[in-house]
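Everything below concerns the one structure shown next.
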Amino acid sequence: MEDLGTGRWAAELEELFLRVGGRFSRVEPRRRMRDYVRGLLGPVGRKNGRQLAEFAGHATPDGLRRLLAGPRWDPEEIRDDLQGYVAEKLGRPDGVLIIDDTGFLKKGTTSAGVQRQYSGTAGRTENRQMGVFAAYASAKGRALVDRELYLPKSWTGDPDRCRAAKIPADRAFVTKGELARRLVLRALASDLPIAWVTADSAYGQEWGFRRFLEESGVGYVLAVPKSQQVKSLVGIWRIDQLIGEAPDDAWQRLSAGDGAKGPRVYDWAAAQLPVIDFFDGAEPTHRRWVLARRSLKRPDEIAYYLCYAPAGATVAELVRIAGSRWAIEECFQAAKNECGLDEYEVRRYPGWYRRITLAMLAHAFLAAMAAAAIERGAEETVPVSSRPSPWQKSEGSWQLAIST
């Protein structure tokens, strides 16, 4: 990689700073913001206030800490700029918005929202804060684009505790599903081109969340538990029972996208659900589907999905969207490892949003630079000549086309 102070990286980072710089009314916090983001992108061992200050050449960490606690700047405005930046650098008409949550390990009881709670990412219950995030993914790349801090009832029911952590007085208890709905609403109102939404079963099992997406006119592929009920013309089935009735030839082997070890290949079964809620005989613009993913090595391991897709969507497209959900896990890993998403020391509510937003901004910059590098490589690559495959399918069977 080029040094942050030279070449394309410097020009792109300066463009990003100019984009968000107007959100700071004074020169000092604007300069500190630039130093802070440069530190998040730099070779800093642990990206806390003290080490970021040392990297920036500050005598003490007080200035960078005041950036998160003192000056009046709105992280929601930076978030809006971030979404515009990602739309410009990574946007594609078939873009996918991915919803998931991740935990931040914390000691003590004073950090806003902290308590012992389960994290699906870690797979265990620990003392942590939980954030609900949205990531945007397309063929160009992926980046985190929004966030909300989850506040358990142990916090929202204790006004004195909330006041000490600078949590707004009107911040009532909100489920993670409702936080996800807010993230989707903001993303749909932004410049991000979004055709699909995907999420794990914690969100997919909520009927209200699925209905909200349908009313918004956006397609979805949402994981659901095996006990999920599905309506059909002959009654209500559990989705695992419904998939269990699928004939052998309903399963097809497809890749859900490339992973660290190559294509993620599974057996997939999909079926459209009957249309039961359209009026005046009009053909529906979207159809609901059930989808299942079966492991090749462990066929008893099956994941289930409910889908809402434009008429004419293919099973391969649904599989692609289901596979794109892993992109947010990659975003979490990259943002934590490379941009210090989880290495903050702030305890109060406003500081959390400011630190997390700046870390997301740094991560979006890396995603944009990676996309630009791939695009340059494609332009410099000599295209390989191709020929049509002799294998062709006609009337449901494969045939060899022999040219004369």
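Scheme for the structure tokens: letters A, B, ... for chains in order shown; per-chain residue numbers from 1; ligand numbers from 1 in order shown.
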**Study point:** Non-local contacts of A:Leu306 (7 Å; only C-alpha atoms; under 3 positions in same chain excluded) as a list in words
**Key:** Val221, Leu222, Ala223, Val224, Trp289, Val290 and Leu291 of chain A
Exercise for review: Name the residues of stretch 195-349 of chain A that fall into strand (DSSP E) according to DSSP on the backbone, using the chain letters and numbers of this document, as a ChimeraX atom specification.
Suggested key: /A:196-199,219-224,229-232,235-238,251-259,262-272,286-294,302-310
Review point. When you draw a straight line from atom CA of A:Leu192 to atom CA of A:Tyr136, how long is it in Å?
Key: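 About the pair atom CA of A:Leu192 and atom CA of A:Tyr136: they are 8.2 Å apart.
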**Study point:** Counting only C-alpha atoms, the residue of A:Glu54, A:Asp62, A:Asp170, A:Glu148 that sits nearest A:Pro75
**Key:**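 Checking each candidate against A:Pro75, we get A:Glu148 as the closest.
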Practice item. Would you please give, as a PyMOL selection string, all residues of stretch 33-214 of chain A that DSSP assigns to helix (DSSP H, G or I) based on the backbone? Key: chain A and resi 33-41+49-56+62-69+75-90+153-156+159-164+176-189+201-204+207-214
Go ahead and save the residues from that selection, with C-alpha atoms, as a PDB file, in the first residue's frame.
ATOM      1  CA  MET A  33     -10.827  14.969  13.197  1.00  0.00           C
ATOM      2  CA  ARG A  34      -8.253  14.706  10.410  1.00  0.00           C
ATOM      3  CA  ASP A  35      -5.579  13.563  12.871  1.00  0.00           C
ATOM      4  CA  TYR A  36      -7.984  11.098  14.439  1.00  0.00           C
ATOM      5  CA  VAL A  37      -8.956   9.441  11.154  1.00  0.00           C
ATOM      6  CA  ARG A  38      -5.341   9.355   9.976  1.00  0.00           C
ATOM      7  CA  GLY A  39      -4.478   7.574  13.225  1.00  0.00           C
ATOM      8  CA  LEU A  40      -7.276   5.048  12.726  1.00  0.00           C
ATOM      9  CA  LEU A  41      -5.824   4.306   9.292  1.00  0.00           C
ATOM     10  CA  GLY A  49      -6.770   8.048  22.551  1.00  0.00           C
ATOM     11  CA  ARG A  50      -3.211   7.977  23.852  1.00  0.00           C
ATOM     12  CA  GLN A  51      -1.682   6.017  20.976  1.00  0.00           C
ATOM     13  CA  LEU A  52      -3.631   7.950  18.348  1.00  0.00           C
ATOM     14  CA  ALA A  53      -2.309  11.179  19.897  1.00  0.00           C
ATOM     15  CA  GLU A  54       1.264   9.881  19.812  1.00  0.00           C
ATOM     16  CA  PHE A  55       0.878   8.952  16.141  1.00  0.00           C
ATOM     17  CA  ALA A  56      -0.469  12.447  15.364  1.00  0.00           C
ATOM     18  CA  ASP A  62      -6.493  15.592  25.647  1.00  0.00           C
ATOM     19  CA  GLY A  63      -7.235  17.209  22.282  1.00  0.00           C
ATOM     20  CA  LEU A  64      -8.405  13.999  20.609  1.00  0.00           C
ATOM     21  CA  ARG A  65     -10.444  13.075  23.663  1.00  0.00           C
ATOM     22  CA  ARG A  66     -12.139  16.481  23.547  1.00  0.00           C
ATOM     23  CA  LEU A  67     -13.028  15.763  19.912  1.00  0.00           C
ATOM     24  CA  LEU A  68     -15.270  12.939  21.122  1.00  0.00           C
ATOM     25  CA  ALA A  69     -16.569  14.613  24.271  1.00  0.00           C
ATOM     26  CA  PRO A  75     -22.144  12.379  14.035  1.00  0.00           C
ATOM     27  CA  GLU A  76     -25.448  11.933  12.196  1.00  0.00           C
ATOM     28  CA  GLU A  77     -24.287  14.513   9.637  1.00  0.00           C
ATOM     29  CA  ILE A  78     -20.993  12.658   9.196  1.00  0.00           C
ATOM     30  CA  ARG A  79     -23.016   9.442   8.780  1.00  0.00           C
ATOM     31  CA  ASP A  80     -25.005  11.089   5.976  1.00  0.00           C
ATOM     32  CA  ASP A  81     -21.772  12.156   4.270  1.00  0.00           C
ATOM     33  CA  LEU A  82     -20.422   8.640   4.705  1.00  0.00           C
ATOM     34  CA  GLN A  83     -23.456   7.141   2.978  1.00  0.00           C
ATOM     35  CA  GLY A  84     -23.074   9.561   0.083  1.00  0.00           C
ATOM     36  CA  TYR A  85     -19.382   8.649  -0.197  1.00  0.00           C
ATOM     37  CA  VAL A  86     -20.121   4.903  -0.234  1.00  0.00           C
ATOM     38  CA  ALA A  87     -22.890   5.422  -2.809  1.00  0.00           C
ATOM     39  CA  GLU A  88     -20.430   7.239  -5.056  1.00  0.00           C
ATOM     40  CA  LYS A  89     -17.566   4.764  -4.665  1.00  0.00           C
ATOM     41  CA  LEU A  90     -19.356   1.412  -4.282  1.00  0.00           C
ATOM     42  CA  LYS A 153     -34.235  -2.072  29.724  1.00  0.00           C
ATOM     43  CA  SER A 154     -31.804  -2.074  32.651  1.00  0.00           C
ATOM     44  CA  TRP A 155     -30.643   1.262  31.221  1.00  0.00           C
ATOM     45  CA  THR A 156     -33.771   2.877  29.827  1.00  0.00           C
ATOM     46  CA  PRO A 159     -33.110   7.752  34.474  1.00  0.00           C
ATOM     47  CA  ASP A 160     -30.212   8.551  36.813  1.00  0.00           C
ATOM     48  CA  ARG A 161     -27.959   6.044  35.099  1.00  0.00           C
ATOM     49  CA  CYS A 162     -28.930   7.390  31.667  1.00  0.00           C
ATOM     50  CA  ARG A 163     -28.301  10.966  32.774  1.00  0.00           C
ATOM     51  CA  ALA A 164     -24.798  10.080  33.956  1.00  0.00           C
ATOM     52  CA  LYS A 176     -32.983  -4.473  17.945  1.00  0.00           C
ATOM     53  CA  GLY A 177     -35.620  -5.105  15.276  1.00  0.00           C
ATOM     54  CA  GLU A 178     -36.877  -1.535  15.563  1.00  0.00           C
ATOM     55  CA  LEU A 179     -33.305  -0.242  15.425  1.00  0.00           C
ATOM     56  CA  ALA A 180     -32.831  -2.280  12.239  1.00  0.00           C
ATOM     57  CA  ARG A 181     -35.961  -0.713  10.783  1.00  0.00           C
ATOM     58  CA  ARG A 182     -34.539   2.772  11.486  1.00  0.00           C
ATOM     59  CA  LEU A 183     -31.293   1.858   9.737  1.00  0.00           C
ATOM     60  CA  VAL A 184     -33.157   0.627   6.666  1.00  0.00           C
ATOM     61  CA  LEU A 185     -35.367   3.738   6.541  1.00  0.00           C
ATOM     62  CA  ARG A 186     -32.336   6.038   6.634  1.00  0.00           C
ATOM     63  CA  ALA A 187     -30.499   4.006   4.014  1.00  0.00           C
ATOM     64  CA  LEU A 188     -33.487   4.025   1.655  1.00  0.00           C
ATOM     65  CA  ALA A 189     -33.718   7.811   2.052  1.00  0.00           C
ATOM     66  CA  SER A 201     -32.734 -14.966  11.785  1.00  0.00           C
ATOM     67  CA  ALA A 202     -32.834 -12.570  14.748  1.00  0.00           C
ATOM     68  CA  TYR A 203     -34.325 -10.022  12.349  1.00  0.00           C
ATOM     69  CA  GLY A 204     -35.814 -12.304   9.694  1.00  0.00           C
ATOM     70  CA  TRP A 207     -43.111 -10.466  10.814  1.00  0.00           C
ATOM     71  CA  GLY A 208     -43.269  -6.685  11.270  1.00  0.00           C
ATOM     72  CA  PHE A 209     -39.762  -6.241   9.862  1.00  0.00           C
ATOM     73  CA  ARG A 210     -40.575  -8.356   6.786  1.00  0.00           C
ATOM     74  CA  ARG A 211     -43.837  -6.521   6.218  1.00  0.00           C
ATOM     75  CA  PHE A 212     -42.086  -3.166   6.522  1.00  0.00           C
ATOM     76  CA  LEU A 213     -39.620  -4.171   3.795  1.00  0.00           C
ATOM     77  CA  GLU A 214     -42.435  -5.318   1.522  1.00  0.00           C
TER      78      GLU A 214
END
Check your understanding: Nearest to A:Tyr220 among A:Cys339, A:Ala135, A:Gly312, A:Ile98, with distances taken over only C-alpha atoms: which residue is it?
Key ->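 Checking each candidate against A:Tyr220, we get A:Ile98 as the closest.
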Review point. Between A:His58, A:Ser190, A:Ala137, A:Arg8, which one has atoms that come closest to A:Arg31, using only C-alpha atoms?
Key: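 For A:Arg31, the nearest of the candidates is A:His58.
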Practice item. Might you pull out every residue within 12 Å of A:Gln272, with only C-alpha atoms counted and same-chain residues fewer than 5 positions away left off, and present them as a list in words? Key: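 These residues fall inside the cut-off: Val230, Lys231, Ser232, His286, Arg287, Arg288, Trp289, Val290, Leu291, Leu306, Cys307, Tyr308, Ala309, Pro310, Ala311, Gly312, Ala313, Thr314, Val315 and Leu318 of chain A.
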Those residues with N, CA and C atoms, as a short mmCIF file (atom, residue, chain, number, x, y, z; two decimals), in the first residue's frame please?
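Final output, saved to selection.cif:
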data_model
loop_
_atom_site.label_atom_id
_atom_site.label_comp_id
_atom_site.auth_asym_id
_atom_site.auth_seq_id
_atom_site.Cartn_x
_atom_site.Cartn_y
_atom_site.Cartn_z
N VAL A 230 -44.95 -21.00 7.90
CA VAL A 230 -45.16 -20.55 6.53
C VAL A 230 -46.58 -20.89 6.12
N LYS A 231 -47.30 -19.91 5.59
CA LYS A 231 -48.67 -20.13 5.13
C LYS A 231 -48.67 -20.66 3.71
N SER A 232 -49.50 -21.65 3.45
CA SER A 232 -49.73 -22.15 2.10
C SER A 232 -51.22 -22.33 1.89
N HIS A 286 -43.96 -8.58 -7.09
CA HIS A 286 -43.01 -9.36 -6.32
C HIS A 286 -43.66 -10.69 -5.92
N ARG A 287 -42.82 -11.67 -5.65
CA ARG A 287 -43.30 -12.97 -5.17
C ARG A 287 -42.52 -13.34 -3.90
N ARG A 288 -43.19 -14.08 -3.02
CA ARG A 288 -42.54 -14.61 -1.82
C ARG A 288 -42.01 -16.01 -2.11
N TRP A 289 -40.89 -16.31 -1.49
CA TRP A 289 -40.23 -17.60 -1.68
C TRP A 289 -39.85 -18.20 -0.33
N VAL A 290 -39.66 -19.53 -0.31
CA VAL A 290 -38.91 -20.19 0.75
C VAL A 290 -37.62 -20.69 0.11
N LEU A 291 -36.55 -20.66 0.90
CA LEU A 291 -35.23 -21.03 0.41
C LEU A 291 -34.52 -21.79 1.52
N LEU A 306 -36.72 -16.83 4.28
CA LEU A 306 -37.90 -16.31 3.61
C LEU A 306 -37.45 -15.18 2.69
N CYS A 307 -38.02 -15.13 1.50
CA CYS A 307 -37.57 -14.18 0.48
C CYS A 307 -38.76 -13.43 -0.10
N TYR A 308 -38.48 -12.24 -0.55
CA TYR A 308 -39.44 -11.40 -1.27
C TYR A 308 -38.67 -10.81 -2.43
N ALA A 309 -39.03 -11.23 -3.64
CA ALA A 309 -38.21 -10.91 -4.80
C ALA A 309 -39.05 -10.41 -5.95
N PRO A 310 -38.49 -9.54 -6.80
CA PRO A 310 -39.22 -9.09 -7.99
C PRO A 310 -39.63 -10.27 -8.86
N ALA A 311 -40.76 -10.16 -9.50
CA ALA A 311 -41.21 -11.21 -10.42
C ALA A 311 -40.12 -11.44 -11.46
N GLY A 312 -39.82 -12.69 -11.70
CA GLY A 312 -38.77 -13.02 -12.65
C GLY A 312 -37.42 -13.28 -12.01
N ALA A 313 -37.29 -13.06 -10.71
CA ALA A 313 -36.03 -13.35 -10.03
C ALA A 313 -35.72 -14.84 -10.09
N THR A 314 -34.45 -15.17 -10.17
CA THR A 314 -34.02 -16.56 -10.27
C THR A 314 -33.53 -17.07 -8.92
N VAL A 315 -33.46 -18.39 -8.80
CA VAL A 315 -32.93 -19.00 -7.59
C VAL A 315 -31.47 -18.58 -7.39
N LEU A 318 -31.35 -15.27 -5.67
CA LEU A 318 -31.66 -15.38 -4.24
C LEU A 318 -30.47 -15.93 -3.47
#
Study note, to complete from the structure: Nearest to A:Gln229, restricted to only C-alpha atoms and choosing among A:Thr60, A:Gln205, A:Gln252, A:Thr109, comes out as A:Gln205
**Study point:** Which residue of A:Trp73, A:Tyr344, A:Phe365, A:Tyr349 approaches A:Pro168 most closely, using only C-alpha atoms
**Key:** A:Tyr349
Check your understanding: Quick one: distance from atom CA of A:Gly113 to atom CA of A:Phe24 in Å, one decimal?
Key ->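 Atom CA of A:Gly113 sits 27.4 Å away from atom CA of A:Phe24.
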Point to revise | Residue nearest A:Leu254 among A:Ala316, A:Met360, A:Ala270, A:Ala199 (counting only C-alpha atoms) | key: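 Answer, going by the shortest atom-to-atom distance: A:Ala316.
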Check your understanding: Could you name the residues that touch A:Ala372 at 10 Å or less, counting only C-alpha atoms, but leaving out those on the same chain fewer than 4 positions away, as number ranges by chain?
Key -> A: 8, 89-90, 140-141, 366-368, 376-378
Please save all heavy atoms of the selected residues as a short mmCIF file (atom, residue, chain, number, x, y, z; two decimals), in the first residue's frame.
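part.cif was written with the following content:
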data_model
loop_
_atom_site.label_atom_id
_atom_site.label_comp_id
_atom_site.auth_asym_id
_atom_site.auth_seq_id
_atom_site.Cartn_x
_atom_site.Cartn_y
_atom_site.Cartn_z
N ARG A 8 -2.09 8.40 -4.60
CA ARG A 8 -3.55 8.32 -4.70
C ARG A 8 -4.21 8.33 -3.32
O ARG A 8 -5.28 8.88 -3.13
CB ARG A 8 -3.95 7.05 -5.45
CG ARG A 8 -3.60 7.05 -6.94
CD ARG A 8 -4.28 5.87 -7.63
NE ARG A 8 -3.97 5.84 -9.05
CZ ARG A 8 -3.01 5.08 -9.58
NH1 ARG A 8 -2.28 4.31 -8.79
NH2 ARG A 8 -2.79 5.09 -10.87
N LYS A 89 -18.71 5.64 -4.42
CA LYS A 89 -17.57 4.76 -4.67
C LYS A 89 -17.95 3.30 -4.88
O LYS A 89 -17.26 2.59 -5.63
CB LYS A 89 -16.58 4.86 -3.49
CG LYS A 89 -16.08 6.26 -3.20
CD LYS A 89 -15.31 6.84 -4.38
CE LYS A 89 -14.78 8.23 -4.05
NZ LYS A 89 -14.01 8.82 -5.18
N LEU A 90 -19.01 2.83 -4.24
CA LEU A 90 -19.36 1.41 -4.28
C LEU A 90 -20.75 1.15 -4.82
O LEU A 90 -21.14 -0.02 -4.98
CB LEU A 90 -19.25 0.78 -2.88
CG LEU A 90 -17.93 0.96 -2.12
CD1 LEU A 90 -18.02 0.26 -0.77
CD2 LEU A 90 -16.76 0.43 -2.92
N LYS A 140 -18.64 -3.99 -6.31
CA LYS A 140 -17.46 -3.14 -6.15
C LYS A 140 -16.81 -3.29 -4.79
O LYS A 140 -15.61 -3.03 -4.64
CB LYS A 140 -17.85 -1.68 -6.37
CG LYS A 140 -18.23 -1.32 -7.80
CD LYS A 140 -18.47 0.17 -7.92
CE LYS A 140 -18.75 0.60 -9.34
NZ LYS A 140 -18.93 2.07 -9.46
N GLY A 141 -17.57 -3.65 -3.76
CA GLY A 141 -17.00 -3.74 -2.43
C GLY A 141 -18.08 -3.65 -1.38
O GLY A 141 -19.28 -3.68 -1.67
N LEU A 366 -10.95 2.82 3.20
CA LEU A 366 -10.21 1.63 2.78
C LEU A 366 -10.99 0.85 1.72
O LEU A 366 -10.41 0.35 0.75
CB LEU A 366 -9.92 0.74 3.98
CG LEU A 366 -8.95 1.29 5.03
CD1 LEU A 366 -8.75 0.27 6.14
CD2 LEU A 366 -7.61 1.65 4.40
N ALA A 367 -12.31 0.74 1.90
CA ALA A 367 -13.13 0.03 0.92
C ALA A 367 -13.10 0.73 -0.43
O ALA A 367 -13.03 0.08 -1.49
CB ALA A 367 -14.57 -0.09 1.43
N ALA A 368 -13.16 2.07 -0.42
CA ALA A 368 -13.11 2.83 -1.67
C ALA A 368 -11.77 2.66 -2.36
O ALA A 368 -11.70 2.52 -3.59
CB ALA A 368 -13.39 4.31 -1.38
N ARG A 376 -8.61 -0.38 -11.40
CA ARG A 376 -7.40 -0.10 -12.17
C ARG A 376 -6.79 -1.39 -12.70
O ARG A 376 -6.33 -1.46 -13.84
CB ARG A 376 -6.37 0.64 -11.31
CG ARG A 376 -6.72 2.08 -11.01
CD ARG A 376 -5.50 2.83 -10.50
NE ARG A 376 -4.93 2.21 -9.32
CZ ARG A 376 -5.30 2.45 -8.08
NH1 ARG A 376 -6.29 3.30 -7.84
NH2 ARG A 376 -4.71 1.86 -7.06
N GLY A 377 -6.79 -2.43 -11.87
CA GLY A 377 -6.25 -3.72 -12.32
C GLY A 377 -7.03 -4.29 -13.48
O GLY A 377 -6.46 -4.86 -14.42
N ALA A 378 -8.37 -4.14 -13.44
CA ALA A 378 -9.20 -4.65 -14.54
C ALA A 378 -8.91 -3.90 -15.82
O ALA A 378 -8.90 -4.47 -16.91
CB ALA A 378 -10.67 -4.53 -14.16
#
Review point. Rounded to one decimal in Å, what is the spacing between atom CA of A:Arg325 and atom CA of A:Gln117?
Key: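 Separating atom CA of A:Arg325 from atom CA of A:Gln117 is a distance of 22.8 Å.
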